[in-house]
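Shown next: start_22.json, containing JSON, C-alpha atoms and all ligand atoms.
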[["chain", "number", "residue", "atom", "x", "y", "z"],
["A", 1, "MET", "CA", 111.75, 94.01, 100.02],
["A", 2, "ARG", "CA", 108.41, 95.81, 100.15],
["A", 3, "LEU", "CA", 109.41, 98.90, 98.12],
["A", 4, "GLN", "CA", 111.97, 97.35, 95.77],
["A", 5, "ASP", "CA", 112.99, 99.91, 93.10],
["A", 6, "GLN", "CA", 110.12, 102.25, 93.97],
["A", 7, "VAL", "CA", 110.99, 105.93, 93.72],
["A", 8, "ALA", "CA", 109.94, 108.08, 96.66],
["A", 9, "ILE", "CA", 110.08, 111.78, 97.49],
["A", 10, "VAL", "CA", 110.04, 112.49, 101.24],
["A", 11, "THR", "CA", 109.68, 116.14, 102.29],
["A", 12, "GLY", "CA", 111.00, 117.31, 105.62],
["A", 13, "ALA", "CA", 113.42, 114.38, 105.59],
["A", 14, "ALA", "CA", 116.39, 116.24, 107.13],
["A", 15, "ALA", "CA", 115.34, 115.32, 110.67],
["A", 16, "GLY", "CA", 112.84, 113.63, 112.92],
["A", 17, "ILE", "CA", 109.97, 111.66, 111.43],
["A", 18, "GLY", "CA", 110.97, 112.42, 107.83],
["A", 19, "ARG", "CA", 114.47, 111.07, 108.36],
["A", 20, "GLY", "CA", 112.99, 107.96, 109.95],
["A", 21, "ILE", "CA", 110.73, 107.51, 106.93],
["A", 22, "ALA", "CA", 113.64, 107.93, 104.49],
["A", 23, "LEU", "CA", 115.72, 105.33, 106.32],
["A", 24, "ALA", "CA", 112.85, 102.83, 106.60],
["A", 25, "MET", "CA", 111.89, 103.22, 102.94],
["A", 26, "ALA", "CA", 115.50, 102.82, 101.81],
["A", 27, "LYS", "CA", 115.75, 99.63, 103.88],
["A", 28, "GLU", "CA", 112.76, 98.30, 101.92],
["A", 29, "GLY", "CA", 114.48, 99.04, 98.60],
["A", 30, "ALA", "CA", 113.12, 102.47, 97.67],
["A", 31, "LYS", "CA", 115.24, 105.07, 95.87],
["A", 32, "LEU", "CA", 114.80, 108.44, 97.47],
["A", 33, "VAL", "CA", 114.68, 112.16, 97.06],
["A", 34, "VAL", "CA", 115.31, 113.80, 100.43],
["A", 35, "ALA", "CA", 113.63, 117.21, 100.17],
["A", 36, "ASP", "CA", 114.10, 119.76, 102.92],
["A", 37, "TRP", "CA", 115.04, 123.40, 103.36],
["A", 38, "SER", "CA", 117.74, 122.33, 105.81],
["A", 39, "GLU", "CA", 120.78, 121.52, 103.70],
["A", 40, "GLU", "CA", 122.94, 120.22, 106.55],
["A", 41, "GLY", "CA", 120.33, 117.81, 107.91],
["A", 42, "GLY", "CA", 119.25, 116.79, 104.44],
["A", 43, "ARG", "CA", 122.77, 115.87, 103.42],
["A", 44, "GLU", "CA", 123.17, 113.93, 106.69],
["A", 45, "THR", "CA", 120.06, 111.89, 105.89],
["A", 46, "VAL", "CA", 121.39, 111.19, 102.39],
["A", 47, "ALA", "CA", 124.72, 110.04, 103.86],
["A", 48, "LEU", "CA", 122.91, 107.76, 106.33],
["A", 49, "VAL", "CA", 120.88, 106.19, 103.52],
["A", 50, "ASN", "CA", 123.80, 105.85, 101.10],
["A", 51, "ASN", "CA", 126.13, 104.47, 103.80],
["A", 52, "SER", "CA", 123.62, 101.76, 104.60],
["A", 53, "GLY", "CA", 123.52, 100.60, 100.98],
["A", 54, "GLY", "CA", 120.52, 102.66, 99.85],
["A", 55, "LYS", "CA", 120.25, 105.39, 97.24],
["A", 56, "ALA", "CA", 119.22, 108.95, 98.00],
["A", 57, "LEU", "CA", 119.55, 112.40, 96.51],
["A", 58, "PHE", "CA", 119.18, 115.70, 98.39],
["A", 59, "VAL", "CA", 117.16, 118.53, 96.87],
["A", 60, "LYS", "CA", 117.03, 121.79, 98.81],
["A", 61, "THR", "CA", 113.31, 122.56, 98.94],
["A", 62, "ASP", "CA", 111.00, 124.97, 100.68],
["A", 63, "VAL", "CA", 107.70, 123.14, 100.28],
["A", 64, "SER", "CA", 105.75, 126.41, 100.36],
["A", 65, "ASN", "CA", 107.56, 127.64, 97.24],
["A", 66, "PRO", "CA", 106.11, 126.41, 93.90],
["A", 67, "ALA", "CA", 109.44, 126.86, 92.08],
["A", 68, "ASP", "CA", 111.20, 124.68, 94.69],
["A", 69, "ILE", "CA", 108.49, 122.03, 94.43],
["A", 70, "ASN", "CA", 108.90, 121.96, 90.68],
["A", 71, "GLN", "CA", 112.68, 121.62, 91.06],
["A", 72, "MET", "CA", 112.18, 118.79, 93.59],
["A", 73, "ALA", "CA", 109.96, 116.82, 91.22],
["A", 74, "GLN", "CA", 112.17, 117.52, 88.20],
["A", 75, "ALA", "CA", 115.31, 116.42, 90.05],
["A", 76, "CYS", "CA", 113.56, 113.16, 90.94],
["A", 77, "LEU", "CA", 112.50, 112.59, 87.33],
["A", 78, "ASP", "CA", 115.99, 113.48, 86.02],
["A", 79, "GLU", "CA", 117.67, 111.07, 88.44],
["A", 80, "TYR", "CA", 115.23, 108.15, 88.54],
["A", 81, "GLY", "CA", 112.80, 108.71, 85.64],
["A", 82, "ARG", "CA", 109.62, 108.35, 87.74],
["A", 83, "ILE", "CA", 107.85, 109.21, 91.01],
["A", 84, "ASP", "CA", 105.98, 106.32, 92.64],
["A", 85, "ILE", "CA", 105.58, 107.63, 96.20],
["A", 86, "LEU", "CA", 105.14, 111.13, 97.59],
["A", 87, "VAL", "CA", 105.38, 111.62, 101.35],
["A", 88, "ASN", "CA", 104.30, 115.12, 102.36],
["A", 89, "ASN", "CA", 105.88, 115.24, 105.78],
["A", 90, "ALA", "CA", 107.46, 118.71, 106.16],
["A", 91, "GLY", "CA", 105.74, 120.72, 108.85],
["A", 92, "ILE", "CA", 106.13, 123.37, 111.51],
["A", 93, "VAL", "CA", 104.26, 124.42, 114.63],
["A", 94, "ARG", "CA", 103.89, 127.80, 116.32],
["A", 95, "PHE", "CA", 102.62, 128.16, 119.88],
["A", 96, "ALA", "CA", 100.50, 131.12, 121.02],
["A", 97, "PRO", "CA", 97.05, 131.84, 122.42],
["A", 98, "PHE", "CA", 94.77, 132.08, 119.40],
["A", 99, "HIS", "CA", 93.93, 135.77, 119.89],
["A", 100, "GLU", "CA", 97.64, 136.59, 120.04],
["A", 101, "THR", "CA", 98.57, 134.57, 116.96],
["A", 102, "THR", "CA", 100.24, 136.82, 114.41],
["A", 103, "GLU", "CA", 99.21, 136.82, 110.79],
["A", 104, "ALA", "CA", 102.81, 135.97, 109.95],
["A", 105, "ASP", "CA", 102.65, 132.81, 112.07],
["A", 106, "TRP", "CA", 99.27, 131.86, 110.61],
["A", 107, "ASP", "CA", 100.67, 132.28, 107.08],
["A", 108, "ALA", "CA", 103.86, 130.34, 107.85],
["A", 109, "VAL", "CA", 102.01, 127.36, 109.31],
["A", 110, "ILE", "CA", 99.32, 127.23, 106.64],
["A", 111, "ASN", "CA", 101.76, 127.82, 103.78],
["A", 112, "ILE", "CA", 104.08, 125.01, 104.85],
["A", 113, "ASN", "CA", 101.68, 122.47, 106.39],
["A", 114, "LEU", "CA", 98.73, 122.85, 104.02],
["A", 115, "LYS", "CA", 99.70, 124.78, 100.89],
["A", 116, "GLY", "CA", 102.93, 122.77, 100.72],
["A", 117, "VAL", "CA", 100.89, 119.56, 100.46],
["A", 118, "PHE", "CA", 98.70, 121.14, 97.76],
["A", 119, "LEU", "CA", 101.72, 122.26, 95.72],
["A", 120, "ALA", "CA", 103.51, 118.91, 95.90],
["A", 121, "CYS", "CA", 100.39, 116.89, 95.05],
["A", 122, "LYS", "CA", 99.54, 119.22, 92.17],
["A", 123, "ARG", "CA", 103.03, 118.81, 90.71],
["A", 124, "VAL", "CA", 103.42, 115.06, 91.25],
["A", 125, "ILE", "CA", 99.93, 113.74, 90.42],
["A", 126, "PRO", "CA", 100.34, 114.34, 86.64],
["A", 127, "GLU", "CA", 103.45, 112.09, 86.75],
["A", 128, "MET", "CA", 101.50, 109.42, 88.64],
["A", 129, "LEU", "CA", 98.64, 109.69, 86.14],
["A", 130, "LYS", "CA", 101.12, 109.02, 83.31],
["A", 131, "GLN", "CA", 102.47, 106.02, 85.22],
["A", 132, "GLY", "CA", 98.99, 104.67, 85.98],
["A", 133, "ARG", "CA", 99.60, 104.37, 89.71],
["A", 134, "GLY", "CA", 100.99, 106.16, 92.74],
["A", 135, "LYS", "CA", 100.96, 106.46, 96.52],
["A", 136, "ILE", "CA", 100.57, 109.74, 98.36],
["A", 137, "ILE", "CA", 101.01, 109.83, 102.12],
["A", 138, "ASN", "CA", 100.31, 113.10, 103.92],
["A", 139, "MET", "CA", 101.45, 113.78, 107.47],
["A", 140, "SER", "CA", 98.54, 115.07, 109.50],
["A", 141, "SER", "CA", 98.37, 114.85, 113.30],
["A", 142, "ILE", "CA", 96.02, 113.94, 116.10],
["A", 143, "ALA", "CA", 95.74, 117.75, 116.23],
["A", 144, "GLY", "CA", 93.81, 117.51, 112.95],
["A", 145, "GLN", "CA", 91.11, 115.52, 114.74],
["A", 146, "VAL", "CA", 90.97, 116.87, 118.30],
["A", 147, "GLY", "CA", 91.66, 120.35, 119.60],
["A", 148, "PHE", "CA", 94.90, 121.43, 121.29],
["A", 149, "GLU", "CA", 95.34, 124.72, 123.08],
["A", 150, "ASN", "CA", 97.72, 127.40, 121.80],
["A", 151, "THR", "CA", 98.18, 125.76, 118.38],
["A", 152, "GLY", "CA", 95.15, 126.99, 116.42],
["A", 153, "PRO", "CA", 96.87, 127.42, 113.01],
["A", 154, "TYR", "CA", 98.56, 124.03, 113.38],
["A", 155, "CYS", "CA", 95.24, 122.29, 114.19],
["A", 156, "ALA", "CA", 93.60, 124.06, 111.22],
["A", 157, "SER", "CA", 96.41, 123.03, 108.88],
["A", 158, "LYS", "CA", 96.32, 119.38, 109.97],
["A", 159, "GLY", "CA", 92.52, 119.21, 109.73],
["A", 160, "GLY", "CA", 92.86, 120.65, 106.24],
["A", 161, "VAL", "CA", 95.37, 117.94, 105.33],
["A", 162, "ILE", "CA", 92.83, 115.27, 106.31],
["A", 163, "ALA", "CA", 90.07, 116.89, 104.24],
["A", 164, "MET", "CA", 92.40, 117.31, 101.24],
["A", 165, "THR", "CA", 93.53, 113.69, 101.54],
["A", 166, "ARG", "CA", 89.95, 112.44, 101.35],
["A", 167, "ALA", "CA", 89.19, 114.67, 98.35],
["A", 168, "LEU", "CA", 92.26, 113.41, 96.46],
["A", 169, "ALA", "CA", 91.51, 109.80, 97.40],
["A", 170, "LEU", "CA", 88.11, 110.03, 95.71],
["A", 171, "GLU", "CA", 89.33, 111.97, 92.71],
["A", 172, "TYR", "CA", 92.28, 109.76, 91.81],
["A", 173, "ALA", "CA", 91.17, 106.29, 92.95],
["A", 174, "PRO", "CA", 90.04, 105.46, 89.39],
["A", 175, "HIS", "CA", 93.67, 106.03, 88.34],
["A", 176, "ARG", "CA", 95.06, 103.71, 91.06],
["A", 177, "ILE", "CA", 96.57, 106.63, 92.93],
["A", 178, "ASN", "CA", 96.08, 106.12, 96.66],
["A", 179, "CYS", "CA", 96.02, 109.07, 99.01],
["A", 180, "ASN", "CA", 96.11, 108.43, 102.74],
["A", 181, "CYS", "CA", 97.31, 110.27, 105.77],
["A", 182, "ILE", "CA", 98.90, 109.48, 109.08],
["A", 183, "ALA", "CA", 97.95, 111.13, 112.35],
["A", 184, "PRO", "CA", 100.92, 110.80, 114.68],
["A", 185, "GLY", "CA", 100.49, 111.24, 118.40],
["A", 186, "ILE", "CA", 103.38, 112.59, 120.43],
["A", 187, "ILE", "CA", 106.63, 111.54, 118.76],
["A", 188, "LYS", "CA", 110.11, 112.28, 120.13],
["A", 189, "THR", "CA", 111.62, 114.80, 117.67],
["A", 190, "ALA", "CA", 112.87, 118.40, 117.68],
["A", 191, "MET", "CA", 109.24, 119.50, 117.31],
["A", 192, "THR", "CA", 108.25, 118.04, 120.68],
["A", 193, "HIS", "CA", 111.60, 118.42, 122.45],
["A", 194, "ASP", "CA", 110.68, 121.45, 124.56],
["A", 195, "MET", "CA", 107.28, 120.00, 125.53],
["A", 196, "LEU", "CA", 108.82, 116.72, 126.61],
["A", 197, "ALA", "CA", 111.59, 118.54, 128.51],
["A", 198, "ASP", "CA", 108.98, 120.32, 130.65],
["A", 199, "PRO", "CA", 107.96, 117.96, 133.49],
["A", 200, "ALA", "CA", 104.35, 119.23, 133.71],
["A", 201, "GLN", "CA", 103.77, 118.95, 129.95],
["A", 202, "LYS", "CA", 105.52, 115.59, 129.78],
["A", 203, "GLN", "CA", 103.22, 114.30, 132.54],
["A", 204, "PHE", "CA", 100.13, 115.57, 130.66],
["A", 205, "LEU", "CA", 101.29, 114.04, 127.36],
["A", 206, "SER", "CA", 102.19, 110.69, 128.95],
["A", 207, "SER", "CA", 98.90, 110.46, 130.82],
["A", 208, "ALA", "CA", 96.97, 111.23, 127.60],
["A", 209, "THR", "CA", 98.78, 108.41, 125.75],
["A", 210, "PRO", "CA", 97.41, 105.01, 126.84],
["A", 211, "TYR", "CA", 100.42, 103.04, 125.51],
["A", 212, "PRO", "CA", 103.17, 103.16, 128.15],
["A", 213, "ARG", "CA", 105.98, 104.74, 126.14],
["A", 214, "GLU", "CA", 106.70, 107.71, 123.92],
["A", 215, "GLY", "CA", 106.35, 107.50, 120.16],
["A", 216, "GLU", "CA", 109.50, 107.22, 118.03],
["A", 217, "PRO", "CA", 110.03, 108.35, 114.42],
["A", 218, "ASP", "CA", 110.26, 104.69, 113.42],
["A", 219, "ASP", "CA", 106.67, 104.11, 114.61],
["A", 220, "ILE", "CA", 105.53, 106.57, 111.95],
["A", 221, "ALA", "CA", 108.07, 105.30, 109.42],
["A", 222, "GLN", "CA", 106.69, 101.75, 109.57],
["A", 223, "ALA", "CA", 103.13, 103.01, 109.03],
["A", 224, "THR", "CA", 104.37, 105.05, 106.06],
["A", 225, "VAL", "CA", 106.11, 102.04, 104.52],
["A", 226, "TYR", "CA", 102.82, 100.12, 104.81],
["A", 227, "LEU", "CA", 100.84, 102.91, 103.10],
["A", 228, "ALA", "CA", 103.49, 103.14, 100.37],
["A", 229, "SER", "CA", 103.58, 99.40, 99.71],
["A", 230, "ALA", "CA", 101.33, 97.16, 97.62],
["A", 231, "GLU", "CA", 100.00, 95.69, 100.91],
["A", 232, "SER", "CA", 97.78, 98.77, 101.25],
["A", 233, "ASP", "CA", 96.48, 99.02, 97.66],
["A", 234, "PHE", "CA", 92.85, 98.83, 98.85],
["A", 235, "VAL", "CA", 93.39, 101.40, 101.63],
["A", 236, "ASN", "CA", 92.40, 104.84, 100.35],
["A", 237, "GLY", "CA", 91.34, 108.11, 101.96],
["A", 238, "HIS", "CA", 92.23, 106.70, 105.37],
["A", 239, "VAL", "CA", 93.55, 108.52, 108.42],
["A", 240, "LEU", "CA", 95.89, 106.12, 110.18],
["A", 241, "ALA", "CA", 96.39, 107.19, 113.79],
["A", 242, "VAL", "CA", 99.78, 106.16, 115.15],
["A", 243, "ASP", "CA", 99.30, 107.64, 118.56],
["A", 244, "GLY", "CA", 99.54, 104.96, 121.22],
["A", 245, "GLY", "CA", 95.74, 105.12, 121.53],
["A", 246, "TRP", "CA", 95.35, 108.88, 122.18],
["A", 247, "LEU", "CA", 92.35, 109.16, 119.81],
["A", 248, "ALA", "CA", 90.70, 106.01, 121.15],
["A", 249, "LYS", "CA", 89.45, 107.87, 124.20],
["B", 301, "LIG", "N1", 106.63, 115.06, 116.47],
["B", 301, "LIG", "C1", 105.33, 114.90, 116.72],
["B", 301, "LIG", "O1", 104.93, 114.60, 117.84],
["B", 301, "LIG", "C2", 104.33, 115.06, 115.61],
["B", 301, "LIG", "C3", 103.00, 114.77, 115.90],
["B", 301, "LIG", "C4", 102.05, 114.90, 114.91],
["B", 301, "LIG", "C5", 102.41, 115.29, 113.63],
["B", 301, "LIG", "N2", 103.71, 115.58, 113.37],
["B", 301, "LIG", "C6", 104.04, 115.99, 112.01],
["B", 301, "LIG", "O2", 105.08, 115.19, 111.48],
["B", 301, "LIG", "C7", 105.85, 115.94, 110.55],
["B", 301, "LIG", "C8", 107.32, 115.86, 110.92],
["B", 301, "LIG", "O3", 107.48, 116.43, 112.21],
["B", 301, "LIG", "P1", 108.77, 116.18, 113.12],
["B", 301, "LIG", "O4", 108.28, 115.94, 114.48],
["B", 301, "LIG", "O5", 109.69, 115.22, 112.47],
["B", 301, "LIG", "O6", 109.37, 117.66, 113.08],
["B", 301, "LIG", "P2", 110.90, 118.15, 112.99],
["B", 301, "LIG", "O7", 110.83, 119.59, 113.33],
["B", 301, "LIG", "O8", 111.78, 117.25, 113.76],
["B", 301, "LIG", "O9", 111.23, 117.97, 111.45],
["B", 301, "LIG", "C9", 110.54, 118.69, 110.47],
["B", 301, "LIG", "C10", 111.37, 118.73, 109.20],
["B", 301, "LIG", "O10", 110.64, 119.50, 108.24],
["B", 301, "LIG", "C11", 111.55, 120.44, 107.66],
["B", 301, "LIG", "N3", 110.79, 121.59, 107.18],
["B", 301, "LIG", "C12", 110.08, 122.48, 107.92],
["B", 301, "LIG", "N4", 109.59, 123.42, 107.10],
["B", 301, "LIG", "C13", 109.97, 123.11, 105.85],
["B", 301, "LIG", "C14", 109.76, 123.71, 104.58],
["B", 301, "LIG", "N5", 109.08, 124.85, 104.44],
["B", 301, "LIG", "N6", 110.27, 123.09, 103.51],
["B", 301, "LIG", "C15", 111.00, 121.97, 103.62],
["B", 301, "LIG", "N7", 111.24, 121.38, 104.79],
["B", 301, "LIG", "C16", 110.74, 121.95, 105.89],
["B", 301, "LIG", "C17", 112.52, 120.78, 108.78],
["B", 301, "LIG", "O11", 113.72, 121.36, 108.26],
["B", 301, "LIG", "C18", 112.73, 119.42, 109.40],
["B", 301, "LIG", "O12", 113.74, 118.69, 108.76],
["B", 301, "LIG", "C19", 105.27, 117.37, 110.59],
["B", 301, "LIG", "O13", 104.36, 117.55, 109.54],
["B", 301, "LIG", "C20", 104.56, 117.41, 111.92],
["B", 301, "LIG", "O14", 103.54, 118.37, 111.94],
["B", 301, "LIG", "C21", 104.68, 115.48, 114.33]]

Written as structure tokens, that's how I'd like the structure from this file.
Ligand SMILES: NC(=O)c1ccc[n+]([C@@H]2O[C@H](COP(=O)([O-])OP(=O)(O)OC[C@H]3O[C@@H](n4cnc5c(N)ncnc54)[C@H](O)[C@@H]3O)[C@@H](O)[C@H]2O)c1
Amino acid sequence: MRLQDQVAIVTGAAAGIGRGIALAMAKEGAKLVVADWSEEGGRETVALVNNSGGKALFVKTDVSNPADINQMAQACLDEYGRIDILVNNAGIVRFAPFHETTEADWDAVININLKGVFLACKRVIPEMLKQGRGKIINMSSIAGQVGFENTGPYCASKGGVIAMTRALALEYAPHRINCNCIAPGIIKTAMTHDMLADPAQKQFLSSATPYPREGEPDDIAQATVYLASAESDFVNGHVLAVDGGWLAK
């Protein structure tokens, strides 16, 4: 197994891509902390992992809250004694024309998608430094690399995640801590449900994706397992697009 006995924290693991990542990592032998502000979904993910022979613990966490992040890391250390892998996956999107975007929506998106990554990295990196190694995988988006209409704060947050990933990759490479990010294309989850349910938007999204199917959470999960495993030890500061070729155009 590629992650045998590795200890991983996955944020936003109550649903969608994060749940897919938790299940794929558990299948490869990782022990997990499922961190999410959704208790119901988080406990469901834990049950799915534990029922399939894996080991997971739920910690109710709002990633934009430093006290919650501290509790998340401490719970992981109390249960497993170490943190080998941090997957910063929790994220939200708000749709509005830029000039109508409220400050509250800007703050919510930036605080969860960008500050949340900062807080979790800041808390976990000292543990990885003590251990002499670690893997950090941040969930960006193709929207961090190309513009999308009506999602200005989201694009800004995901571009920020890419820049932060590169900065951390340089800073901590000497300590064998890898920091990479994934840029998913359009993946079938609650986040994209309404877009994919609208025939005009679905047509636009399908025609912009060269590969002839929609993305699934497991597409992202497999890329995350790779970036968490020893197979990718020499991959650092990379943005791995898992987008069916969207960014290739
Ligand atoms: N679905 C896509 O097409 C797509 C594309 C590009 C990037 N992404 C990114 O992938 C990640 C996962 O997205 P998804 O599609 O699975 O979305 P989703 O809405 O299905 O799941 C997001 C999860 O994050 C949790 N979450 C949200 N805010 C949180 C907070 N403050 N603290 C803790 N947990 C929180 C939610 O409860 C949920 O479980 C996000 O960062 C998203 O921006 C998704």

Expected answer as number ranges by chain: residues within 8 Å of ligand LIG 301 (chain B), all atoms listed in the file: A: 11-19, 35-38, 41-42, 60-65, 88-93, 111-113, 116, 139-143, 154, 158, 183-192, 215, 217

Selection near Gln131 (chain A), 12 Å with all atoms listed in the file, sequence-local residues under 5 positions removed, as number ranges by chain: A: 81-85, 124-126, 175-177

Computed interatomic separation between CA of Asn51 (chain A) and CA of Val7 (chain A) (Å):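 Between CA of Asn51 (chain A) and CA of Val7 (chain A) the gap works out to 18.2 Å.
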
Between CA of Ala241 (chain A) and CA of Leu227 (chain A), distance in Å (one decimal):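 CA of Ala241 (chain A) sits 12.3 Å away from CA of Leu227 (chain A).
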
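With all atoms listed in the file as the atoms that count, the residue of A:Phe234, A:Phe58, A:Trp246, A:Tyr226 with the shortest distance to Ile21 (chain A) is A:Tyr226.
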
Å distance separating CA of Lys122 (chain A) from CA of Ala8 (chain A), one decimal place: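 These two atoms are separated by 15.9 Å.
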
Among the residues A:Ile182, A:Leu240, A:Val146, A:Cys76, the one that comes closest to Arg123 (chain A) [using all atoms listed in the file]: A:Cys76

What would region 151-169 of chain A look like with N, CA and C atoms in place, written as a short mmCIF file (atom, residue, chain, number, x, y, z; two decimals), in the coordinates of the input?
data_model
loop_
_atom_site.label_atom_id
_atom_site.label_comp_id
_atom_site.auth_asym_id
_atom_site.auth_seq_id
_atom_site.Cartn_x
_atom_site.Cartn_y
_atom_site.Cartn_z
N THR A 151 97.64 126.19 119.69
CA THR A 151 98.18 125.76 118.38
C THR A 151 97.08 125.83 117.32
N GLY A 152 96.29 126.89 117.34
CA GLY A 152 95.15 126.99 116.42
C GLY A 152 95.52 126.83 114.95
N PRO A 153 96.52 127.58 114.44
CA PRO A 153 96.87 127.42 113.01
C PRO A 153 97.33 126.00 112.68
N TYR A 154 98.07 125.41 113.60
CA TYR A 154 98.56 124.03 113.38
C TYR A 154 97.37 123.07 113.27
N CYS A 155 96.42 123.17 114.23
CA CYS A 155 95.24 122.29 114.19
C CYS A 155 94.48 122.51 112.88
N ALA A 156 94.32 123.77 112.47
CA ALA A 156 93.60 124.06 111.22
C ALA A 156 94.32 123.44 110.03
N SER A 157 95.65 123.56 110.03
CA SER A 157 96.41 123.03 108.88
C SER A 157 96.28 121.51 108.83
N LYS A 158 96.34 120.85 109.97
CA LYS A 158 96.32 119.38 109.97
C LYS A 158 94.92 118.84 109.69
N GLY A 159 93.87 119.58 110.12
CA GLY A 159 92.52 119.21 109.73
C GLY A 159 92.33 119.37 108.23
N GLY A 160 92.93 120.42 107.69
CA GLY A 160 92.86 120.65 106.24
C GLY A 160 93.55 119.54 105.46
N VAL A 161 94.64 119.04 106.00
CA VAL A 161 95.37 117.94 105.33
C VAL A 161 94.47 116.70 105.26
N ILE A 162 93.72 116.44 106.32
CA ILE A 162 92.83 115.27 106.31
C ILE A 162 91.74 115.45 105.25
N ALA A 163 91.14 116.64 105.21
CA ALA A 163 90.07 116.89 104.24
C ALA A 163 90.60 116.79 102.80
N MET A 164 91.81 117.35 102.58
CA MET A 164 92.40 117.31 101.24
C MET A 164 92.72 115.87 100.85
N THR A 165 93.20 115.10 101.80
CA THR A 165 93.53 113.69 101.54
C THR A 165 92.30 112.94 101.06
N ARG A 166 91.18 113.16 101.74
CA ARG A 166 89.95 112.44 101.35
C ARG A 166 89.50 112.87 99.96
N ALA A 167 89.60 114.18 99.67
CA ALA A 167 89.19 114.67 98.35
C ALA A 167 90.06 114.03 97.26
N LEU A 168 91.37 113.99 97.48
CA LEU A 168 92.26 113.41 96.46
C LEU A 168 92.03 111.91 96.32
N ALA A 169 91.74 111.26 97.44
CA ALA A 169 91.51 109.80 97.40
C ALA A 169 90.35 109.49 96.46
#
